[in-house]
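Undergrad: The file below is upload.csv, CSV, C-alpha atoms:
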chain,number,residue,atom,x,y,z
A,1,MET,CA,95.0,78.9,247.6
A,2,ILE,CA,93.7,75.7,249.2
A,3,LYS,CA,90.1,76.8,248.5
A,4,ARG,CA,91.0,77.4,244.8
A,5,LYS,CA,92.5,74.0,244.5
A,6,ASP,CA,89.3,72.5,246.0
A,7,GLN,CA,87.3,74.3,243.5
A,8,VAL,CA,89.4,73.1,240.6
A,9,ARG,CA,89.2,69.6,241.9
A,10,SER,CA,85.5,69.8,242.2
A,11,LEU,CA,85.2,71.1,238.7
A,12,LEU,CA,87.3,68.3,237.3
A,13,ASN,CA,85.2,65.7,239.2
A,14,ASN,CA,82.1,67.2,237.7
A,15,ILE,CA,83.5,67.1,234.2
A,16,PHE,CA,84.6,63.5,234.7
A,17,GLU,CA,81.1,62.6,235.9
A,18,MET,CA,79.5,64.3,233.0
A,19,LYS,CA,81.8,62.4,230.6
A,20,LYS,CA,80.8,59.1,232.2
A,21,ILE,CA,77.1,60.0,231.8
A,22,LEU,CA,77.6,61.0,228.2
A,23,LEU,CA,79.4,57.8,227.5
A,24,ILE,CA,76.6,55.7,229.1
A,25,ILE,CA,74.0,57.6,227.0
A,26,THR,CA,76.1,57.1,223.8
A,27,LEU,CA,76.4,53.4,224.5
A,28,ALA,CA,72.7,53.1,225.2
A,29,LEU,CA,71.8,54.9,222.0
A,30,SER,CA,74.2,52.7,220.0
A,31,ILE,CA,72.6,49.5,221.5
A,32,CYS,CA,69.1,50.8,220.7
A,33,ALA,CA,70.2,51.7,217.1
A,34,LEU,CA,71.7,48.2,216.6
A,35,GLY,CA,68.5,46.6,217.9
A,36,GLN,CA,66.4,48.8,215.6
A,37,ASP,CA,68.6,47.9,212.6
A,38,LYS,CA,68.2,44.2,213.3
A,39,GLU,CA,64.4,44.6,213.6
A,40,ASP,CA,64.4,46.5,210.3
A,41,MET,CA,66.1,43.6,208.5
A,42,LYS,CA,63.6,41.4,206.7
A,43,THR,CA,64.6,38.2,204.9
A,44,ALA,CA,63.0,36.4,202.0
A,45,LEU,CA,63.8,32.9,200.6
A,46,LEU,CA,64.1,32.5,196.8
A,47,ILE,CA,63.8,28.9,195.7
A,48,ILE,CA,64.8,28.8,192.1
A,49,ASP,CA,63.8,26.2,189.5
A,50,ILE,CA,63.7,23.1,191.6
A,51,GLN,CA,61.6,21.5,188.9
A,52,GLU,CA,61.0,17.9,187.7
A,53,PHE,CA,63.1,18.3,184.5
A,54,TYR,CA,66.3,18.5,186.5
A,55,PHE,CA,65.8,15.1,188.2
A,56,ALA,CA,66.5,11.5,187.1
A,57,GLU,CA,63.2,11.1,185.4
A,58,GLY,CA,63.5,14.5,183.6
A,59,LYS,CA,65.2,15.6,180.4
A,60,SER,CA,68.0,17.7,182.0
A,61,GLN,CA,69.2,15.7,185.0
A,62,LEU,CA,71.7,17.4,187.3
A,63,GLU,CA,74.3,16.0,189.6
A,64,GLN,CA,73.2,15.8,193.3
A,65,ALA,CA,69.7,17.1,192.4
A,66,GLU,CA,67.9,15.0,195.0
A,67,LYS,CA,70.4,16.0,197.8
A,68,ALA,CA,70.0,19.7,196.8
A,69,SER,CA,66.2,19.6,196.9
A,70,ASP,CA,66.3,17.8,200.3
A,71,GLN,CA,68.5,20.5,201.7
A,72,ALA,CA,66.3,23.2,200.2
A,73,SER,CA,63.3,21.7,201.8
A,74,LYS,CA,65.0,22.1,205.2
A,75,VAL,CA,65.6,25.7,204.6
A,76,LEU,CA,62.0,26.1,203.4
A,77,LYS,CA,60.7,24.6,206.6
A,78,ALA,CA,62.8,27.0,208.6
A,79,PHE,CA,61.3,30.0,206.8
A,80,ARG,CA,57.8,28.6,207.2
A,81,ASP,CA,58.3,27.9,210.9
A,82,LYS,CA,59.3,31.6,211.4
A,83,ASN,CA,56.5,32.8,209.0
A,84,GLU,CA,59.1,34.5,206.8
A,85,LEU,CA,58.6,35.4,203.2
A,86,VAL,CA,59.0,32.6,200.6
A,87,VAL,CA,59.2,33.1,196.9
A,88,HIS,CA,59.1,30.1,194.5
A,89,ILE,CA,60.5,30.8,191.1
A,90,ARG,CA,60.0,28.4,188.2
A,91,HIS,CA,61.2,28.5,184.6
A,92,ALA,CA,58.5,28.2,181.9
A,93,SER,CA,58.6,24.9,180.1
A,94,PHE,CA,56.2,22.8,178.2
A,95,LYS,CA,57.3,19.5,179.8
A,96,ASP,CA,58.3,18.3,183.3
A,97,SER,CA,58.0,21.9,184.6
A,98,ALA,CA,56.2,21.1,187.9
A,99,ILE,CA,58.0,22.2,191.1
A,100,ARG,CA,59.5,19.3,193.0
A,101,ALA,CA,57.0,17.9,195.6
A,102,ASN,CA,59.3,18.4,198.6
A,103,VAL,CA,59.5,22.2,198.0
A,104,LYS,CA,56.0,22.6,196.6
A,105,PRO,CA,54.5,26.0,197.3
A,106,GLU,CA,51.8,26.2,200.0
A,107,THR,CA,48.7,28.4,199.7
A,108,GLY,CA,49.7,32.1,200.0
A,109,GLU,CA,53.3,31.7,199.0
A,110,LYS,CA,54.4,33.7,196.0
A,111,VAL,CA,55.1,31.8,192.8
A,112,ILE,CA,56.9,33.5,189.9
A,113,THR,CA,57.2,32.1,186.4
A,114,LYS,CA,60.2,33.4,184.4
A,115,HIS,CA,61.3,33.1,180.8
A,116,TYR,CA,64.9,34.2,181.2
A,117,VAL,CA,67.9,33.2,183.3
A,118,ASN,CA,67.6,36.3,185.5
A,119,SER,CA,64.6,35.9,187.9
A,120,TYR,CA,64.1,39.6,188.0
A,121,ARG,CA,63.8,40.1,184.2
A,122,GLU,CA,60.2,40.8,183.1
A,123,THR,CA,58.8,39.5,186.4
A,124,ASP,CA,57.4,41.3,189.5
A,125,LEU,CA,60.1,39.9,191.8
A,126,LEU,CA,61.8,43.2,192.6
A,127,ASP,CA,58.5,44.9,193.2
A,128,TYR,CA,57.3,42.1,195.4
A,129,LEU,CA,60.4,42.2,197.5
A,130,GLN,CA,60.4,45.9,197.8
A,131,GLN,CA,56.7,46.0,198.7
A,132,ASN,CA,57.4,43.6,201.6
A,133,GLU,CA,60.4,45.7,202.7
A,134,ILE,CA,62.9,42.9,202.2
A,135,THR,CA,66.5,43.7,202.9
A,136,ASP,CA,68.1,40.2,202.7
A,137,VAL,CA,67.6,37.3,200.3
A,138,VAL,CA,68.5,33.7,200.8
A,139,ILE,CA,68.9,31.8,197.6
A,140,CYS,CA,68.9,28.1,196.6
A,141,GLY,CA,68.0,26.1,193.6
A,142,MET,CA,69.1,25.1,190.1
A,143,MET,CA,71.4,25.5,188.3
A,144,THR,CA,74.2,26.9,190.4
A,145,HIS,CA,76.1,28.5,187.5
A,146,VAL,CA,73.1,29.8,185.6
A,147,CYS,CA,69.9,30.9,187.3
A,148,VAL,CA,71.1,30.8,190.9
A,149,GLU,CA,74.2,32.9,190.0
A,150,ALA,CA,72.1,35.3,188.0
A,151,ALA,CA,69.7,35.8,190.9
A,152,ALA,CA,72.6,36.4,193.3
A,153,ARG,CA,74.2,38.9,191.0
A,154,ALA,CA,71.0,40.8,190.3
A,155,SER,CA,70.0,40.7,194.0
A,156,ALA,CA,73.3,42.2,195.0
A,157,ASP,CA,73.0,44.9,192.3
A,158,TYR,CA,69.6,45.8,193.6
A,159,GLY,CA,71.1,46.3,197.1
A,160,PHE,CA,69.9,43.2,198.9
A,161,ASN,CA,72.2,41.3,201.2
A,162,VAL,CA,72.7,37.9,199.6
A,163,THR,CA,73.2,34.5,201.1
A,164,VAL,CA,73.4,31.4,198.9
A,165,ILE,CA,73.0,27.9,200.4
A,166,SER,CA,75.7,25.9,198.8
A,167,ASP,CA,74.5,22.3,199.3
A,168,ALA,CA,70.9,23.3,198.4
A,169,CYS,CA,72.0,24.1,194.8
A,170,ALA,CA,73.0,21.7,192.0
A,171,THR,CA,74.3,21.8,188.5
A,172,ARG,CA,75.8,19.5,185.8
A,173,ASP,CA,78.9,18.9,183.7
A,174,VAL,CA,79.6,21.7,181.2
A,175,ALA,CA,81.4,21.3,177.8
A,176,PHE,CA,83.8,23.9,176.5
A,177,GLY,CA,85.5,23.0,173.2
A,178,THR,CA,86.9,19.6,173.6
A,179,ASP,CA,87.0,19.8,177.4
A,180,THR,CA,84.4,18.8,179.9
A,181,VAL,CA,84.2,20.7,183.2
A,182,LEU,CA,82.8,18.4,185.9
A,183,ALA,CA,79.7,19.5,187.8
A,184,LYS,CA,81.5,19.7,191.1
A,185,ASP,CA,84.1,22.1,189.6
A,186,VAL,CA,81.4,24.2,187.9
A,187,HIS,CA,79.5,24.3,191.2
A,188,ASN,CA,82.5,25.2,193.4
A,189,SER,CA,84.0,27.8,191.0
A,190,THR,CA,80.6,29.5,190.7
A,191,LEU,CA,80.2,29.6,194.5
A,192,ALA,CA,83.7,31.0,194.9
A,193,THR,CA,82.9,33.8,192.5
A,194,MET,CA,79.7,34.7,194.2
A,195,GLN,CA,81.4,34.6,197.6
A,196,SER,CA,84.1,37.0,196.3
A,197,PHE,CA,81.8,39.6,194.9
A,198,TYR,CA,78.1,39.1,195.6
A,199,GLY,CA,77.3,37.6,199.0
A,200,THR,CA,77.8,35.0,201.7
A,201,ILE,CA,78.0,31.3,201.0
A,202,VAL,CA,76.9,28.8,203.7
A,203,THR,CA,75.8,25.2,204.0
A,204,THR,CA,72.3,24.3,205.1
A,205,GLU,CA,73.6,23.2,208.5
A,206,GLU,CA,75.4,26.5,209.0
A,207,PHE,CA,72.4,28.5,207.9
A,208,LEU,CA,70.0,26.6,210.2
A,209,ARG,CA,72.4,26.9,213.1
A,210,LYS,CA,72.7,30.7,212.7
A,211,SER,CA,69.0,31.1,212.3
A,212,ASP,CA,68.0,29.3,215.5
How does this structure look as structure tokens?

TA:
Amino acid sequence: MIKRKDQVRSLLNNIFEMKKILLIITLALSICALGQDKEDMKTALLIIDIQEFYFAEGKSQLEQAEKASDQASKVLKAFRDKNELVVHIRHASFKDSAIRANVKPETGEKVITKHYVNSYRETDLLDYLQQNEITDVVICGMMTHVCVEAAARASADYGFNVTVISDACATRDVAFGTDTVLAKDVHNSTLATMQSFYGTIVTTEEFLRKSD
């Protein structure tokens, strides 16, 4: 009887040890999988329409344009320092269409000229991102409620993880009927919508802190 109890106890101990080994193996595989997933994630920066016509000397001046371009230049530097993909997107225009000097493309960086609000429409942006195996896009630029929002929506629809840098975007007052919606309200309401449905909204400082 005692021998039988010892056998049962030994069997239970063996089962317990096997369970511990299986648990350790499972945890190790999970950690490896998480590490692999992180390695598989590739991010691209989309800088949209930071062009001269949106600044004081241009024909379509925005609120906080200088500040937004300065913040965008910080994000751009972070991507360049890490040798991550950068895409400059510019809207076709006959006047004042040059990209602002502080976010000017460097040799080898992709530049896309678009004719519509949506940066993907009739351009090779989607193909370019897919060819480079991009999974995540970081977006900044002008205007918040037009081309930036369109890019965020389309990027989300195409399956990319979207982050928008709030203070690296700018817009202007908008008229509706007899009402004028202030640029700050246009900017904030657009970001609130994007945050609710299309991606993550962060400041430049928050983004740079997380990316260190």

Undergrad: For Lys59 (chain A), which of A:His88, A:Lys104, A:Lys95, A:Lys184 is the closest residue, counting only C-alpha atoms?

TA: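 Smallest distance to Lys59 (chain A) is found for A:Lys95.
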
Undergrad: Can you measure CA of Ser73 (chain A) to CA of Ala101 (chain A) for me? One decimal in Å is fine.

TA: 9.6 Å

Undergrad: Can you work out the spacing between CA of Ile89 (chain A) and CA of Met41 (chain A) in Å, to one decimal?

TA: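 Rounded to one decimal, the two atoms are 22.3 Å apart.
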
Undergrad: At what distance in Å, to one decimal, does CA of Ala44 (chain A) lie from CA of Val86 (chain A)?

TA: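 CA of Val86 (chain A) sits 5.7 Å away from CA of Ala44 (chain A).
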
Undergrad: Smallest atom-to-atom distance to Ala72 (chain A): which of A:Ala154, A:Leu45, A:Cys147, A:Leu126, using all atoms listed in the file?

TA: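 Residue with the minimum atom-to-atom distance to Ala72 (chain A): A:Leu45.
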
Undergrad: Need the shell around Ala168 (chain A): protein/DNA/RNA residues with any atom at most 8 Å away, counting all atoms listed in the file. Skip same-chain ones fewer than 5 positions apart. Format as a list in words?

TA: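 These residues fall inside the cut-off: Lys67, Ala68, Ser69, Asp70, Gln71, Ala72, Cys140, Gly141, Thr203 and Thr204 of chain A.
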
Undergrad: Determine, counting all atoms listed in the file, which protein, DNA and RNA residues have an atom within 6 Å of an atom of Leu62 (chain A); residues of the same chain fewer than 4 positions away are not included. Present the result as a list in words.

TA: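 Non-adjacent residues within range: Tyr54, Thr171 and Arg172 of chain A.
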
Undergrad: Applying 12 Å and only C-alpha atoms, which residues near Phe94 (chain A) remain after dropping the ones on its own chain fewer than 2 positions away? List them as a PyMOL selection string.

TA: chain A and resi 52-53+59+91-92+96-98+115

Undergrad: Between A:Ala56, A:Gly199, A:Leu46, A:Ala183, single out the one closest to Asp157 (chain A), counting all atoms listed in the file.

TA: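 When distances to Asp157 (chain A) are compared using all atoms listed in the file, the smallest one comes from A:Gly199.
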
Undergrad: Let me make sure I understand: among A:Ser93, A:Asn132, A:Thr180, A:Asn83, which one has the smallest atom-to-atom distance to Lys42 (chain A) if we use all atoms listed in the file?

TA: A:Asn132

Undergrad: Some atoms are absent from region 84-95 of chain A, so rebuild N, CA and C atoms and return them as a short mmCIF file (atom, residue, chain, number, x, y, z; two decimals), keeping the file's coordinate frame.

TA:
data_model
loop_
_atom_site.label_atom_id
_atom_site.label_comp_id
_atom_site.auth_asym_id
_atom_site.auth_seq_id
_atom_site.Cartn_x
_atom_site.Cartn_y
_atom_site.Cartn_z
N GLU A 84 58.38 33.60 207.67
CA GLU A 84 59.10 34.50 206.80
C GLU A 84 58.74 34.36 205.37
N LEU A 85 59.03 35.37 204.59
CA LEU A 85 58.60 35.40 203.20
C LEU A 85 59.30 34.33 202.36
N VAL A 86 58.52 33.63 201.55
CA VAL A 86 59.00 32.60 200.60
C VAL A 86 58.57 32.93 199.22
N VAL A 87 59.51 32.88 198.28
CA VAL A 87 59.20 33.10 196.90
C VAL A 87 59.66 31.87 196.07
N HIS A 88 58.73 31.23 195.38
CA HIS A 88 59.10 30.10 194.50
C HIS A 88 59.19 30.64 193.08
N ILE A 89 60.31 30.33 192.44
CA ILE A 89 60.50 30.80 191.10
C ILE A 89 60.69 29.57 190.17
N ARG A 90 59.93 29.56 189.10
CA ARG A 90 60.00 28.40 188.20
C ARG A 90 60.21 28.91 186.78
N HIS A 91 60.96 28.12 186.01
CA HIS A 91 61.20 28.50 184.60
C HIS A 91 60.11 27.89 183.74
N ALA A 92 59.61 28.69 182.83
CA ALA A 92 58.50 28.20 181.90
C ALA A 92 59.06 27.09 181.06
N SER A 93 58.25 26.05 180.96
CA SER A 93 58.60 24.90 180.10
C SER A 93 57.35 24.16 179.76
N PHE A 94 57.41 23.49 178.63
CA PHE A 94 56.20 22.80 178.20
C PHE A 94 56.16 21.35 178.75
N LYS A 95 57.26 20.87 179.36
CA LYS A 95 57.30 19.50 179.80
C LYS A 95 58.09 19.41 181.13
#
